[in-house]
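Q: Sharing final24.cif below, mmCIF, C-alpha atoms:
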data_final
loop_
_atom_site.group_PDB
_atom_site.id
_atom_site.type_symbol
_atom_site.label_atom_id
_atom_site.label_comp_id
_atom_site.auth_asym_id
_atom_site.auth_seq_id
_atom_site.Cartn_x
_atom_site.Cartn_y
_atom_site.Cartn_z
ATOM 1 C CA MET A 1053 10.660 41.006 12.175
ATOM 2 C CA LEU A 1054 8.460 43.143 9.911
ATOM 3 C CA ASP A 1055 11.530 44.646 8.229
ATOM 4 C CA GLN A 1056 12.835 41.171 7.455
ATOM 5 C CA LEU A 1057 9.472 40.155 5.966
ATOM 6 C CA LEU A 1058 9.294 43.305 3.860
ATOM 7 C CA SER A 1059 12.838 42.778 2.598
ATOM 8 C CA HIS A 1060 11.698 39.428 1.136
ATOM 9 C CA TRP A 1061 8.428 40.681 -0.363
ATOM 10 C CA ASN A 1062 8.964 38.691 -3.541
ATOM 11 C CA TYR A 1063 8.817 35.409 -1.624
ATOM 12 C CA ILE A 1064 5.607 36.517 0.073
ATOM 13 C CA ILE A 1065 4.080 37.189 -3.355
ATOM 14 C CA VAL A 1066 5.287 33.788 -4.588
ATOM 15 C CA VAL A 1067 3.639 31.965 -1.689
ATOM 16 C CA LEU A 1068 0.458 34.021 -2.046
ATOM 17 C CA LEU A 1069 0.167 33.304 -5.790
ATOM 18 C CA MET A 1070 0.957 29.639 -5.193
ATOM 19 C CA MET A 1071 -1.763 29.264 -2.565
ATOM 20 C CA ILE A 1072 -4.327 31.138 -4.678
ATOM 21 C CA GLY A 1073 -3.567 28.922 -7.687
ATOM 22 C CA LEU A 1074 -3.726 25.745 -5.605
ATOM 23 C CA PHE A 1075 -7.015 26.835 -4.026
ATOM 24 C CA ILE A 1076 -8.549 27.507 -7.447
ATOM 25 C CA VAL A 1077 -7.459 24.089 -8.736
ATOM 26 C CA ILE A 1078 -8.834 22.256 -5.692
ATOM 27 C CA SER A 1079 -12.069 24.187 -5.170
ATOM 28 C CA SER A 1080 -13.290 24.792 -8.721
ATOM 29 C CA MET A 1081 -15.254 22.285 -10.762
ATOM 30 C CA ASN A 1082 -14.987 24.367 -13.949
ATOM 31 C CA LEU A 1083 -12.193 23.098 -16.211
ATOM 32 C CA VAL A 1084 -11.259 26.569 -17.511
ATOM 33 C CA LYS A 1085 -10.947 27.879 -13.949
ATOM 34 C CA LYS A 1086 -8.718 24.896 -13.143
ATOM 35 C CA LEU A 1087 -6.457 25.839 -16.055
ATOM 36 C CA ILE A 1088 -6.303 29.425 -14.793
ATOM 37 C CA GLY A 1089 -5.364 28.135 -11.332
ATOM 38 C CA LEU A 1090 -2.627 25.956 -12.810
ATOM 39 C CA SER A 1091 -1.294 28.957 -14.756
ATOM 40 C CA LEU A 1092 -1.207 31.041 -11.564
ATOM 41 C CA PHE A 1093 0.601 28.252 -9.742
ATOM 42 C CA GLN A 1094 3.070 27.957 -12.609
ATOM 43 C CA THR A 1095 3.678 31.713 -12.622
ATOM 44 C CA SER A 1096 4.491 31.621 -8.911
ATOM 45 C CA VAL A 1097 7.124 28.951 -9.551
ATOM 46 C CA PHE A 1098 8.596 31.109 -12.331
ATOM 47 C CA LEU A 1099 8.823 34.102 -9.997
ATOM 48 C CA PHE A 1100 10.443 31.939 -7.319
ATOM 49 C CA TYR A 1101 13.204 30.755 -9.642
ATOM 50 C CA ILE A 1102 13.804 34.251 -10.977
ATOM 51 C CA SER A 1103 14.037 35.546 -7.393
ATOM 52 C CA LEU A 1104 16.661 32.918 -6.600
ATOM 53 C CA GLY A 1105 18.798 34.052 -9.528
ATOM 54 C CA LYS A 1106 19.098 37.640 -8.317
ATOM 55 C CA ILE A 1107 21.891 38.511 -5.902
ATOM 56 C CA GLU A 1108 21.686 41.688 -3.836
ATOM 57 C CA GLY A 1109 24.253 44.089 -5.267
ATOM 58 C CA GLY A 1110 24.994 41.775 -8.197
ATOM 59 C CA THR A 1111 25.319 42.910 -11.765
ATOM 60 C CA ALA A 1112 24.680 41.311 -15.139
ATOM 61 C CA PRO A 1113 27.175 38.531 -15.920
ATOM 62 C CA ILE A 1114 29.242 40.599 -18.345
ATOM 63 C CA ILE A 1115 32.982 40.468 -17.807
ATOM 64 C CA ILE A 1116 34.267 43.917 -16.967
ATOM 65 C CA THR A 1117 37.980 44.466 -17.331
ATOM 66 C CA SER A 1118 40.001 46.622 -15.018
ATOM 67 C CA GLY A 1119 43.188 48.562 -15.657
ATOM 68 C CA HIS A 1120 45.092 49.449 -18.779
ATOM 69 C CA GLY A 1121 48.473 47.966 -17.999
ATOM 70 C CA ASP A 1122 51.245 46.965 -20.387
ATOM 71 C CA HIS A 1123 50.009 43.396 -20.595
ATOM 72 C CA GLY A 1124 46.443 44.314 -21.462
ATOM 73 C CA SER A 1125 43.481 44.348 -19.162
ATOM 74 C CA TYR A 1126 42.292 41.510 -16.956
ATOM 75 C CA PRO A 1127 38.844 40.747 -15.591
ATOM 76 C CA SER A 1128 38.227 42.220 -12.182
ATOM 77 C CA HIS A 1129 37.753 39.612 -9.441
ATOM 78 C CA ASP A 1130 35.901 41.868 -7.009
ATOM 79 C CA ILE A 1131 32.670 42.143 -9.018
ATOM 80 C CA LEU A 1132 29.601 40.222 -7.849
ATOM 81 C CA TYR A 1133 27.575 38.666 -10.679
ATOM 82 C CA SER A 1134 23.975 37.437 -10.671
ATOM 83 C CA ASN A 1135 23.374 33.899 -11.896
ATOM 84 C CA PRO A 1136 21.795 33.931 -15.403
ATOM 85 C CA LEU A 1137 20.894 30.226 -15.465
ATOM 86 C CA PRO A 1138 17.506 30.510 -13.673
ATOM 87 C CA HIS A 1139 16.420 33.228 -16.100
ATOM 88 C CA VAL A 1140 17.345 31.096 -19.101
ATOM 89 C CA LEU A 1141 15.538 28.067 -17.685
ATOM 90 C CA ILE A 1142 12.429 30.118 -16.996
ATOM 91 C CA LEU A 1143 12.342 31.399 -20.575
ATOM 92 C CA THR A 1144 12.114 27.789 -21.716
ATOM 93 C CA ALA A 1145 9.553 26.971 -19.029
ATOM 94 C CA ILE A 1146 7.349 29.899 -20.114
ATOM 95 C CA VAL A 1147 7.256 28.579 -23.671
ATOM 96 C CA VAL A 1148 6.391 25.085 -22.444
ATOM 97 C CA GLY A 1149 3.757 26.546 -20.093
ATOM 98 C CA VAL A 1150 2.047 28.487 -22.865
ATOM 99 C CA ALA A 1151 1.991 25.398 -25.076
ATOM 100 C CA THR A 1152 0.601 23.264 -22.238
ATOM 101 C CA THR A 1153 -2.110 25.812 -21.487
ATOM 102 C CA ALA A 1154 -3.064 25.954 -25.166
ATOM 103 C CA LEU A 1155 -3.288 22.157 -25.251
ATOM 104 C CA GLY A 1156 -5.419 22.199 -22.094
ATOM 105 C CA LEU A 1157 -7.784 24.750 -23.600
ATOM 106 C CA SER A 1158 -8.122 22.688 -26.771
ATOM 107 C CA LEU A 1159 -8.942 19.633 -24.655
ATOM 108 C CA VAL A 1160 -11.576 21.659 -22.789
ATOM 109 C CA LEU A 1161 -13.128 22.599 -26.147
ATOM 110 C CA ARG A 1162 -13.192 18.932 -27.158
ATOM 111 C CA ILE A 1163 -14.769 17.966 -23.821
ATOM 112 C CA LYS A 1164 -17.363 20.715 -24.280
ATOM 113 C CA ALA A 1165 -18.217 19.317 -27.725
ATOM 114 C CA SER A 1166 -18.518 15.750 -26.399
ATOM 115 C CA PHE A 1167 -20.339 16.329 -23.098
ATOM 116 C CA ASN A 1168 -21.884 19.779 -23.680
ATOM 117 C CA SER A 1169 -20.403 21.000 -20.390
ATOM 118 C CA ILE A 1170 -17.104 22.041 -18.840
ATOM 119 C CA GLU A 1171 -18.211 21.394 -15.256
ATOM 120 C CA GLU A 1172 -16.423 18.373 -13.823
ATOM 121 C CA ASP A 1173 -19.380 16.989 -11.856
ATOM 122 C CA GLU A 1174 -21.697 17.170 -14.896
ATOM 123 C CA ILE A 1175 -19.122 15.412 -17.071
ATOM 124 C CA LEU A 1176 -18.684 12.621 -14.522
ATOM 125 C CA ALA A 1177 -22.479 12.205 -14.231
ATOM 126 C CA GLU A 1178 -22.778 11.986 -18.023
ATOM 127 C CA LYS A 1179 -20.001 9.390 -18.128
ATOM 128 C CA ARG A 1180 -21.835 7.297 -15.507
ATOM 129 C CA VAL A 1181 -25.024 7.465 -17.577
ATOM 130 C CA MET A 1182 -23.132 6.474 -20.703
ATOM 131 C CA LYS A 1183 -21.493 3.572 -18.888
ATOM 132 C CA SER A 1184 -24.808 2.299 -17.520
ATOM 133 C CA GLU A 1185 -26.357 2.453 -21.003
ATOM 134 C CA GLY A 1186 -23.445 0.487 -22.440
ATOM 135 C CA ARG A 1187 -22.070 3.302 -24.615
ATOM 136 C CA SER A 1188 -18.391 4.163 -24.588
ATOM 137 C CA SER A 1189 -17.056 7.711 -24.359
#
Can you present the structure in this file as structure tokens?
A:
Amino acid sequence: MLDQLLSHWNYIIVVLLMMIGLFIVISSMNLVKKLIGLSLFQTSVFLFYISLGKIEGGTAPIIITSGHGDHGSYPSHDILYSNPLPHVLILTAIVVGVATTALGLSLVLRIKASFNSIEEDEILAEKRVMKSEGRSS
């Protein structure tokens, strides 16, 4: 049982990172900490997809030819290849994730300028005060 768990250590790390990120998002009232939690959660999903793309004993998907016969060489059919598609998708997802995090941080800066706080409970209290005074946010 322990050997089987240790052979899939990458999935254990994925679940651990995912739970840590989710806990930070749920438990923290600080908007920057929430963004960090979302980034951790996102990183765990990236690692999960990359782990799915790797095949034990597989090689890079480069066609290797075998033999030097009279009719040229043909690709060998007994080679096991890893799937490159998850890695390509994750490269795109990393770029989108960085852009989303940058947008989130810029929104936090704007919220800080408007409400003079990045704590969620203080922002909500300020919004209630503004609403009761008849001002709009």
Q: Got a sec: who's within 12 Å of Lys1164 (chain A), counting all atoms listed in the file, leaving out chain neighbours fewer than 4 positions off, as an MDAnalysis selection string?
A: chainID A and resid 1082:1084 1157:1160 1168:1172 1174:1175
Q: Quick one: of A:Ile1163, A:Leu1092, A:Leu1058, A:Ile1114, who's nearest to Ile1072 (chain A), counting all atoms listed in the file?
A: A:Leu1092
Q: Which residue is closest to Leu1141 (chain A)? Choose from A:Glu1108, A:Tyr1101, A:Gly1089, A:Val1066 and count all atoms listed in the file.
A: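 Among the listed residues, the smallest separation from Leu1141 (chain A) belongs to A:Tyr1101.
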Q: Using the chain letters and numbering of this document, enumerate as a PDB file with C-alpha atoms, in the frame of the given file the residues selected by the PyMOL selection byres ((chain A and resi 1093-1095) around 9).
A:
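File produced: selection34.pdb:
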ATOM      1  CA  VAL A1066       5.287  33.788  -4.588  1.00  0.00           C
ATOM      2  CA  LEU A1069       0.167  33.304  -5.790  1.00  0.00           C
ATOM      3  CA  MET A1070       0.957  29.639  -5.193  1.00  0.00           C
ATOM      4  CA  MET A1071      -1.763  29.264  -2.565  1.00  0.00           C
ATOM      5  CA  ILE A1072      -4.327  31.138  -4.678  1.00  0.00           C
ATOM      6  CA  GLY A1073      -3.567  28.922  -7.687  1.00  0.00           C
ATOM      7  CA  LEU A1074      -3.726  25.745  -5.605  1.00  0.00           C
ATOM      8  CA  ILE A1088      -6.303  29.425 -14.793  1.00  0.00           C
ATOM      9  CA  GLY A1089      -5.364  28.135 -11.332  1.00  0.00           C
ATOM     10  CA  LEU A1090      -2.627  25.956 -12.810  1.00  0.00           C
ATOM     11  CA  SER A1091      -1.294  28.957 -14.756  1.00  0.00           C
ATOM     12  CA  LEU A1092      -1.207  31.041 -11.564  1.00  0.00           C
ATOM     13  CA  SER A1096       4.491  31.621  -8.911  1.00  0.00           C
ATOM     14  CA  VAL A1097       7.124  28.951  -9.551  1.00  0.00           C
ATOM     15  CA  PHE A1098       8.596  31.109 -12.331  1.00  0.00           C
ATOM     16  CA  LEU A1099       8.823  34.102  -9.997  1.00  0.00           C
ATOM     17  CA  PHE A1100      10.443  31.939  -7.319  1.00  0.00           C
ATOM     18  CA  ILE A1146       7.349  29.899 -20.114  1.00  0.00           C
ATOM     19  CA  GLY A1149       3.757  26.546 -20.093  1.00  0.00           C
TER      20      GLY A1149
END
Q: Which value, in Å to one decimal, gives the distance between CA of Ile1065 (chain A) and CA of Ile1131 (chain A)?
A: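 Value for the CA of Ile1065 (chain A)-CA of Ile1131 (chain A) distance: 29.6 Å.
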Q: If you measure from CA of Leu1143 (chain A) to CA of Arg1162 (chain A), what distance in Å do you get, rounded to one decimal?
A: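 One can read the CA of Leu1143 (chain A) to CA of Arg1162 (chain A) distance as 29.2 Å.
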Q: By how many Å are CA of Pro1113 (chain A) and CA of Ser1134 (chain A) apart?
A: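 So the answer is 6.2 Å.
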